[in-house]
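A.B. asks: Got a structure for you, data_22.cif, holding mmCIF, C-alpha atoms and all ligand atoms.
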```
data_start
#
loop_
_atom_site.label_atom_id
_atom_site.label_comp_id
_atom_site.auth_asym_id
_atom_site.auth_seq_id
_atom_site.Cartn_x
_atom_site.Cartn_y
_atom_site.Cartn_z
CA MET A 1 90.93 54.20 92.01
CA GLY A 2 89.68 56.07 95.04
CA LYS A 3 86.84 54.71 97.11
CA VAL A 4 83.40 55.79 96.02
CA GLY A 5 82.25 58.54 98.31
CA ALA A 6 85.77 59.31 99.53
CA PRO A 7 86.02 62.97 100.48
CA GLN A 8 87.33 65.17 97.71
CA PRO A 9 90.48 67.17 98.39
CA PRO A 10 89.58 70.73 99.28
CA VAL A 11 89.24 72.97 96.23
CA ARG A 12 91.89 75.64 96.53
CA ALA A 13 90.80 79.15 95.75
CA ALA A 14 91.99 80.25 92.32
CA PRO A 15 95.26 82.16 92.63
CA LEU A 16 95.08 85.91 92.96
CA VAL A 17 97.61 88.65 92.19
CA ASP A 18 97.85 91.94 94.05
CA SER A 19 99.12 93.97 91.10
CA HIS A 20 100.13 97.03 93.14
CA CYS A 21 101.27 97.31 96.75
CA HIS A 22 103.67 99.27 98.97
CA VAL A 23 104.54 96.94 101.83
CA VAL A 24 107.93 98.65 102.14
CA PHE A 25 106.19 101.52 103.95
CA ALA A 26 106.74 101.88 107.69
CA ASP A 27 103.07 100.93 108.23
CA PHE A 28 104.13 97.29 107.82
CA GLN A 29 107.36 97.32 109.78
CA GLU A 30 105.93 95.72 112.90
CA ASP A 31 103.91 92.82 111.52
CA LEU A 32 104.83 92.06 107.91
CA ASP A 33 105.19 88.32 108.58
CA LEU A 34 101.61 88.19 109.82
CA VAL A 35 100.50 90.31 106.88
CA ALA A 36 102.18 87.82 104.53
CA GLN A 37 100.55 84.90 106.32
CA ARG A 38 97.16 86.51 105.70
CA TRP A 39 97.82 87.16 101.99
CA ARG A 40 98.90 83.53 101.57
CA GLU A 41 95.74 82.36 103.34
CA GLN A 42 93.74 84.36 100.80
CA GLY A 43 95.51 82.66 97.89
CA VAL A 44 97.56 85.71 96.86
CA CYS A 45 100.31 83.97 94.90
CA ALA A 46 102.10 87.03 93.53
CA LEU A 47 102.45 90.69 94.41
CA VAL A 48 103.87 93.53 92.36
CA HIS A 49 105.53 96.14 94.54
CA ALA A 50 105.43 99.69 93.19
CA CYS A 51 108.26 102.17 93.72
CA VAL A 52 107.74 105.78 94.81
CA THR A 53 111.37 106.92 94.89
CA PRO A 54 114.60 105.16 93.90
CA GLY A 55 115.73 105.37 97.52
CA GLU A 56 113.29 102.56 98.26
CA ILE A 57 114.86 100.10 95.82
CA PRO A 58 117.35 98.37 98.18
CA ALA A 59 114.64 97.81 100.80
CA ILE A 60 112.16 96.52 98.22
CA ARG A 61 114.81 94.15 96.88
CA GLN A 62 115.30 92.79 100.40
CA LEU A 63 111.56 92.22 100.65
CA ALA A 64 111.72 90.23 97.41
CA ASP A 65 114.46 88.10 99.01
CA ARG A 66 112.22 87.56 102.03
CA PHE A 67 108.97 86.85 100.14
CA PRO A 68 109.58 84.82 96.98
CA GLU A 69 106.16 85.74 95.55
CA LEU A 70 107.11 89.42 95.40
CA ARG A 71 108.12 91.17 92.17
CA TYR A 72 108.77 94.88 91.91
CA ALA A 73 108.96 98.00 89.83
CA VAL A 74 111.52 100.80 89.88
CA GLY A 75 110.56 104.40 89.20
CA LEU A 76 109.67 107.86 90.48
CA HIS A 77 106.11 108.78 91.43
CA PRO A 78 104.75 111.94 89.71
CA LEU A 79 104.23 113.68 93.06
CA GLU A 80 107.97 113.23 93.64
CA ALA A 81 108.90 114.75 90.27
CA GLY A 82 110.74 117.56 92.06
CA ARG A 83 113.33 114.99 93.15
CA TRP A 84 114.19 114.04 89.57
CA HIS A 85 117.90 113.94 88.85
CA GLU A 86 119.66 113.40 85.55
CA THR A 87 121.37 110.30 86.92
CA MET A 88 118.07 108.51 87.52
CA PRO A 89 117.55 106.95 84.08
CA ASP A 90 120.89 105.22 84.40
CA LEU A 91 120.08 104.12 87.95
CA PHE A 92 116.76 102.64 86.79
CA LEU A 93 118.34 100.91 83.80
CA LYS A 94 120.94 99.28 86.05
CA ALA A 95 118.29 98.23 88.59
CA CYS A 96 116.21 96.63 85.82
CA ARG A 97 119.16 94.76 84.40
CA ARG A 98 120.64 93.47 87.64
CA ASP A 99 117.53 91.76 89.00
CA GLU A 100 115.06 89.63 87.03
CA ARG A 101 112.46 90.32 89.68
CA VAL A 102 112.11 93.87 88.36
CA VAL A 103 109.02 93.47 86.18
CA ALA A 104 108.00 97.07 85.46
CA VAL A 105 108.98 100.72 85.52
CA GLY A 106 106.89 102.89 87.85
CA GLU A 107 104.97 104.11 89.36
CA LEU A 108 105.19 106.95 86.90
CA GLY A 109 102.58 109.27 85.45
CA LEU A 110 100.79 112.52 86.13
CA ASP A 111 98.99 113.84 89.19
CA LEU A 112 97.33 117.19 88.60
CA TYR A 113 94.97 116.76 91.54
CA LYS A 114 97.58 117.40 94.18
CA ALA A 115 100.17 119.33 92.13
CA THR A 116 100.40 121.85 89.30
CA ASN A 117 103.95 121.29 87.99
CA VAL A 118 102.66 119.82 84.74
CA GLU A 119 105.75 120.53 82.67
CA GLN A 120 108.09 118.99 85.23
CA GLN A 121 105.87 115.92 85.62
CA VAL A 122 105.63 115.45 81.86
CA ASN A 123 109.42 115.59 81.48
CA VAL A 124 109.93 113.04 84.26
CA LEU A 125 107.26 110.81 82.75
CA GLU A 126 108.80 110.95 79.27
CA ALA A 127 112.25 110.12 80.62
CA GLN A 128 110.90 107.06 82.43
CA LEU A 129 108.91 105.91 79.39
CA ASP A 130 112.25 105.98 77.56
CA VAL A 131 113.76 103.74 80.23
CA ALA A 132 110.89 101.25 79.95
CA TRP A 133 111.25 101.19 76.17
CA GLU A 134 114.96 100.56 76.44
CA VAL A 135 114.60 97.58 78.78
CA ASP A 136 111.33 96.41 77.19
CA LEU A 137 109.35 96.40 80.42
CA PRO A 138 105.75 97.48 80.99
CA VAL A 139 104.96 100.62 82.99
CA ILE A 140 102.74 101.18 86.02
CA ILE A 141 100.87 104.42 85.44
CA HIS A 142 99.49 106.68 88.15
CA CYS A 143 97.10 109.19 86.57
CA ARG A 144 94.95 111.58 88.54
CA ASP A 145 93.01 114.43 86.94
CA ALA A 146 95.29 114.20 83.91
CA ALA A 147 93.68 111.71 81.51
CA MET A 148 93.70 113.99 78.46
CA VAL A 149 97.31 115.10 78.87
CA LEU A 150 98.37 111.50 79.40
CA ARG A 151 96.40 110.28 76.40
CA ASP A 152 98.13 112.84 74.15
CA ILE A 153 101.54 111.63 75.34
CA LEU A 154 100.70 107.97 74.79
CA VAL A 155 99.20 108.63 71.34
CA ALA A 156 102.35 110.52 70.33
CA ARG A 157 104.48 107.61 71.50
CA ARG A 158 102.45 105.18 69.46
CA GLN A 159 102.69 107.42 66.39
CA SER A 160 106.47 107.55 66.78
CA GLY A 161 106.61 103.74 66.73
CA ARG A 162 107.31 103.33 70.45
CA PRO A 163 103.94 102.30 71.91
CA VAL A 164 103.68 102.10 75.68
CA ARG A 165 102.49 98.88 77.29
CA GLY A 166 101.42 98.82 80.90
CA VAL A 167 98.66 99.31 83.41
CA MET A 168 96.50 102.21 84.52
CA HIS A 169 96.78 101.51 88.22
CA CYS A 170 94.13 102.35 90.85
CA TRP A 171 91.56 103.16 88.20
CA ALA A 172 89.28 106.09 89.13
CA GLY A 173 88.30 107.51 85.74
CA THR A 174 85.17 107.45 83.60
CA PRO A 175 84.14 104.75 81.11
CA GLN A 176 85.05 107.10 78.26
CA GLU A 177 88.55 107.64 79.64
CA MET A 178 88.89 103.90 80.18
CA ASP A 179 88.09 103.34 76.52
CA TRP A 180 90.89 105.72 75.51
CA PHE A 181 93.45 103.71 77.45
CA LEU A 182 92.07 100.32 76.41
CA GLU A 183 92.31 101.45 72.81
CA LEU A 184 95.95 102.33 73.47
CA GLY A 185 96.51 98.74 74.61
CA LEU A 186 96.73 99.35 78.35
CA ILE A 187 95.36 97.17 81.15
CA ILE A 188 93.03 98.67 83.77
CA SER A 189 93.68 97.85 87.44
CA PHE A 190 90.88 98.17 89.98
CA SER A 191 91.59 98.97 93.64
CA GLY A 192 89.49 99.26 96.79
CA ILE A 193 87.80 102.27 95.19
CA VAL A 194 85.56 99.85 93.29
CA THR A 195 84.09 98.70 96.62
CA PHE A 196 83.06 102.23 97.61
CA LYS A 197 79.32 102.86 97.38
CA ASN A 198 79.57 106.22 95.67
CA ALA A 199 82.16 105.30 93.03
CA LYS A 200 79.51 105.01 90.30
CA ALA A 201 81.81 105.73 87.35
CA VAL A 202 84.29 103.10 88.55
CA HIS A 203 81.45 100.60 88.96
CA ALA A 204 80.45 101.24 85.35
CA CYS A 205 84.06 100.72 84.25
CA ALA A 206 84.26 97.44 86.20
CA GLN A 207 81.17 96.22 84.37
CA GLN A 208 82.37 97.27 80.93
CA VAL A 209 86.06 96.37 80.94
CA PRO A 210 86.81 93.32 78.74
CA GLU A 211 87.49 90.09 80.60
CA ASP A 212 91.16 89.86 79.60
CA ARG A 213 92.00 93.53 80.16
CA TYR A 214 91.78 94.12 83.90
CA MET A 215 93.68 93.34 87.07
CA VAL A 216 93.01 93.92 90.77
CA GLU A 217 95.22 95.56 93.37
CA THR A 218 95.28 97.02 96.85
CA ASP A 219 97.64 100.01 96.55
CA CYS A 220 98.14 99.23 100.24
CA PRO A 221 98.55 100.76 102.77
CA PHE A 222 96.10 103.17 101.13
CA LEU A 223 92.49 102.78 100.05
CA ALA A 224 91.37 99.78 102.10
CA PRO A 225 88.31 98.23 100.49
CA THR A 226 84.95 97.83 102.20
CA PRO A 227 84.57 96.31 104.86
CA HIS A 228 87.96 97.60 106.01
CA ARG A 229 87.54 101.16 104.73
CA GLY A 230 89.50 103.63 106.83
CA GLN A 231 91.91 101.00 108.20
CA ARG A 232 95.40 100.19 107.00
CA ASN A 233 95.06 98.28 103.74
CA GLU A 234 97.05 95.06 103.15
CA PRO A 235 97.49 92.59 100.26
CA ALA A 236 95.05 90.00 101.67
CA PHE A 237 92.27 92.54 101.17
CA VAL A 238 92.65 92.27 97.38
CA ALA A 239 90.20 89.36 97.78
CA HIS A 240 87.49 91.92 98.61
CA VAL A 241 88.27 93.80 95.40
CA ALA A 242 87.91 90.56 93.42
CA GLU A 243 84.61 89.78 95.17
CA LYS A 244 83.20 93.21 94.32
CA MET A 245 84.33 92.88 90.69
CA ALA A 246 82.49 89.54 90.51
CA ALA A 247 79.32 91.06 91.98
CA LEU A 248 79.42 93.95 89.51
CA ARG A 249 80.13 91.66 86.56
CA HIS A 250 77.54 89.03 87.60
CA CYS A 251 80.12 86.26 87.40
CA SER A 252 81.88 83.93 89.82
CA VAL A 253 84.70 85.15 92.03
CA ALA A 254 86.81 82.30 90.61
CA ARG A 255 86.41 83.77 87.16
CA VAL A 256 87.58 87.20 88.34
CA ARG A 257 90.52 85.70 90.24
CA HIS A 258 91.53 83.64 87.24
CA GLY A 259 91.09 86.36 84.62
CA SER A 260 92.78 89.14 86.59
CA SER A 261 95.70 86.90 87.60
CA GLN A 262 96.29 85.79 84.05
CA ALA A 263 96.20 89.41 82.85
CA ALA A 264 98.82 90.28 85.48
CA ALA A 265 100.86 87.21 84.56
CA ARG A 266 100.92 88.21 80.89
CA LEU A 267 101.80 91.84 81.53
CA PHE A 268 104.47 91.29 84.17
CA GLY A 269 105.72 87.83 83.19
CA LEU A 270 104.44 86.21 86.39
CA GLN A 271 103.51 82.88 84.85
CA PRO A 272 105.92 80.88 87.07
CA LEU A 273 104.11 82.24 90.15
CA VAL A 274 100.57 82.21 88.82
CA GLY A 275 100.69 79.02 86.77
CA GLU A 276 98.98 78.41 83.50
CA PRO A 277 95.61 76.85 84.24
CA PRO A 278 93.38 76.09 81.27
CA THR A 279 91.20 78.98 80.23
CA VAL A 280 87.48 78.72 80.87
CA ALA A 281 86.99 78.16 77.14
CA GLU A 282 89.58 75.36 77.08
CA GLN A 283 87.91 73.57 79.97
CA PHE A 284 84.72 73.25 77.97
CA LEU A 285 86.18 72.52 74.55
CA PRO A 286 84.81 69.33 73.00
CA PRO A 287 87.39 66.58 72.57
CA PRO A 288 89.30 66.86 69.31
CA ALA A 289 87.52 65.23 66.38
CA PRO A 290 89.10 62.03 65.05
CA ALA A 291 91.41 62.61 62.11
CA THR A 292 89.58 62.37 58.83
CA SER A 293 90.80 62.09 55.29
CA THR A 294 91.62 65.17 53.28
CA PRO A 295 89.54 68.10 54.46
CA HIS A 296 86.99 69.00 51.90
CA THR A 297 87.32 72.38 50.32
CA LEU A 298 84.81 74.50 48.50
ZN ZN A 301 100.96 103.15 94.44
#
```
Take the structure from the file and write it as structure tokens.
C.D. replies:
Amino acid sequence: MGKVGAPQPPVRAAPLVDSHCHVVFADFQEDLDLVAQRWREQGVCALVHACVTPGEIPAIRQLADRFPELRYAVGLHPLEAGRWHETMPDLFLKACRRDERVVAVGELGLDLYKATNVEQQVNVLEAQLDVAWEVDLPVIIHCRDAAMVLRDILVARRQSGRPVRGVMHCWAGTPQEMDWFLELGLIISFSGIVTFKNAKAVHACAQQVPEDRYMVETDCPFLAPTPHRGQRNEPAFVAHVAEKMAALRHCSVARVRHGSSQAAARLFGLQPLVGEPPTVAEQFLPPPAPATSTPHTL
């Protein structure tokens, strides 16, 4: 028994997952150890590293060796679709199978904001969805100004008996578009955009998304959240995204950290890093009733 009035051990912040980062970029070359120290101080217990081109894979794998909380995806970004090569599916399949720390395929998707090569992007997307299906991994989807085209592709996949599971990363769409992708079974991931004053549609999405269907991310080095807007983003700043989600949802930050981390853990299989704390509901369950005789039936 502890002494009455003895100080309680400090309550650790609920774990937090940065579900999308790019710390392989040169932006982090100089000070990544300090960056990692800061994400650990913020309670970031797991990070999912996205992949822009397959050329990054060896360097990302080395980062996973260096930081045990790092998991990663392999894939080709839609704005790099011009680099697609017929050998890539095989390369991705091998990368997925050789390292358990590969937890997703991506980032893949469509970007019709910065490019117009729709047909090429769709072909590259379809080929990577095939890879993900074959290795039974979720996908990390980048979608910009292409929600309807993407929805048609995902609906067709579902109708053919090969539904896509994954995340709509860096969400910047409307509530209606969000509903399309939720209905398709996808998770919505909120980035620093949700902290921007003028992102009204994203604020509405953050308020409406079901508790077990969203994650948080940085997409660093891009899109630093307020109050760091305009600076280099880094994984520690995902805490600001969680805080803004809590403010918008009128709930505690702990609840956002817990819910978003568990969603990430389920999608990417991160349970060993995130842990399996009791759900909020479980914490408040009444004790089990004493066993009674045969339950009465009507
Ligand atoms: Zn990204």
A.B. asks: Return as a count of residues only every polymer residue, whether protein, DNA or RNA, with at least one atom no more than 10 Å from an atom of ligand ZN 301 (chain A); count all atoms listed in the file.
C.D. replies: 23
A.B. asks: Can you pull out every residue within 9 Å of Leu129 (chain A), counting all atoms listed in the file, but drop anything in the same chain fewer than 3 positions away, and send it as a list of chain:residue names?
C.D. replies: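 Contacts, in chain order: A:Val105, A:Leu108, A:Val124, A:Leu125, A:Glu126, A:Ala132, A:Trp133, A:Glu134, A:Val139, A:Val164.
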A.B. asks: At most 8 Å is the cut-off: for each residue in region 166-273 of chain A with any atom that close to an atom of region 24-40 of chain A, write down the nearest atom pair and the distance in Å rounded to one decimal, counting all atoms listed in the file, chain first then increasing number, as a Markdown table.
C.D. replies:
```
| residue | atom | partner | partner_atom | distance |
| --- | --- | --- | --- | --- |
| A:Pro221 | CA | A:Asp27 | CA | 7.1 |
| A:Arg232 | CA | A:Asp27 | CA | 7.8 |
| A:Glu234 | CA | A:Val35 | CA | 7.0 |
| A:Pro235 | CA | A:Trp39 | CA | 5.7 |
| A:Ala236 | CA | A:Trp39 | CA | 4.0 |
| A:Phe237 | CA | A:Trp39 | CA | 7.8 |
```
A.B. asks: Save the residues we just selected, C-alpha atoms, as a PDB file, keeping the file's coordinate frame?
C.D. replies:
```pdb
ATOM      1  CA  PRO A 221      98.550 100.760 102.770  1.00  0.00           C
ATOM      2  CA  ARG A 232      95.400 100.190 107.000  1.00  0.00           C
ATOM      3  CA  GLU A 234      97.050  95.060 103.150  1.00  0.00           C
ATOM      4  CA  PRO A 235      97.490  92.590 100.260  1.00  0.00           C
ATOM      5  CA  ALA A 236      95.050  90.000 101.670  1.00  0.00           C
ATOM      6  CA  PHE A 237      92.270  92.540 101.170  1.00  0.00           C
TER       7      PHE A 237
END
```
A.B. asks: How many Å separate CA of Arg249 (chain A) from CA of Gln208 (chain A)?
C.D. replies: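 CA of Gln208 (chain A) lies 8.3 Å from CA of Arg249 (chain A).
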A.B. asks: Counting only C-alpha atoms, which residue out of A:Gly259, A:Pro272, A:Gly173, A:Pro89 sits closest to Glu211 (chain A)?
C.D. replies: A:Gly259
A.B. asks: Of the residues A:Leu248, A:Leu270, A:Val17, A:Ala81, which is the one nearest to Gly43 (chain A), using all atoms listed in the file?
C.D. replies: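 Of the candidates, the smallest distance to Gly43 (chain A) is held by A:Val17.
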A.B. asks: Residues near Arg151 (chain A), anyone? I mean within 12 Å using all atoms listed in the file, not counting same-chain ones fewer than 5 positions away, as a VMD selection string.
C.D. replies: chain A and resid 109 to 110 122 141 143 145 to 146 156 to 158 163 to 164 168 176 to 186
A.B. asks: Given the selection you just returned, output its residues as a file containing C-alpha atoms, formatted as a compact mmCIF listing (two decimals), in the coordinates of the input.
C.D. replies:
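Below you can see out29.txt, which holds the result:
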```txt
# COMPACT_ATOMS: atom_id res chain seq x y z
CA GLY A 109 102.58 109.27 85.45
CA LEU A 110 100.79 112.52 86.13
CA VAL A 122 105.63 115.45 81.86
CA ILE A 141 100.87 104.42 85.44
CA CYS A 143 97.10 109.19 86.57
CA ASP A 145 93.01 114.43 86.94
CA ALA A 146 95.29 114.20 83.91
CA ALA A 156 102.35 110.52 70.33
CA ARG A 157 104.48 107.61 71.50
CA ARG A 158 102.45 105.18 69.46
CA PRO A 163 103.94 102.30 71.91
CA VAL A 164 103.68 102.10 75.68
CA MET A 168 96.50 102.21 84.52
CA GLN A 176 85.05 107.10 78.26
CA GLU A 177 88.55 107.64 79.64
CA MET A 178 88.89 103.90 80.18
CA ASP A 179 88.09 103.34 76.52
CA TRP A 180 90.89 105.72 75.51
CA PHE A 181 93.45 103.71 77.45
CA LEU A 182 92.07 100.32 76.41
CA GLU A 183 92.31 101.45 72.81
CA LEU A 184 95.95 102.33 73.47
CA GLY A 185 96.51 98.74 74.61
CA LEU A 186 96.73 99.35 78.35
```
A.B. asks: Rank A:Ala95, A:Ala64, A:Ala263, A:Leu112 by their smallest atom-to-atom distance to Ser189 (chain A), using all atoms listed in the file, and report the top residue only.
C.D. replies: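 Residue with the minimum atom-to-atom distance to Ser189 (chain A): A:Ala263.
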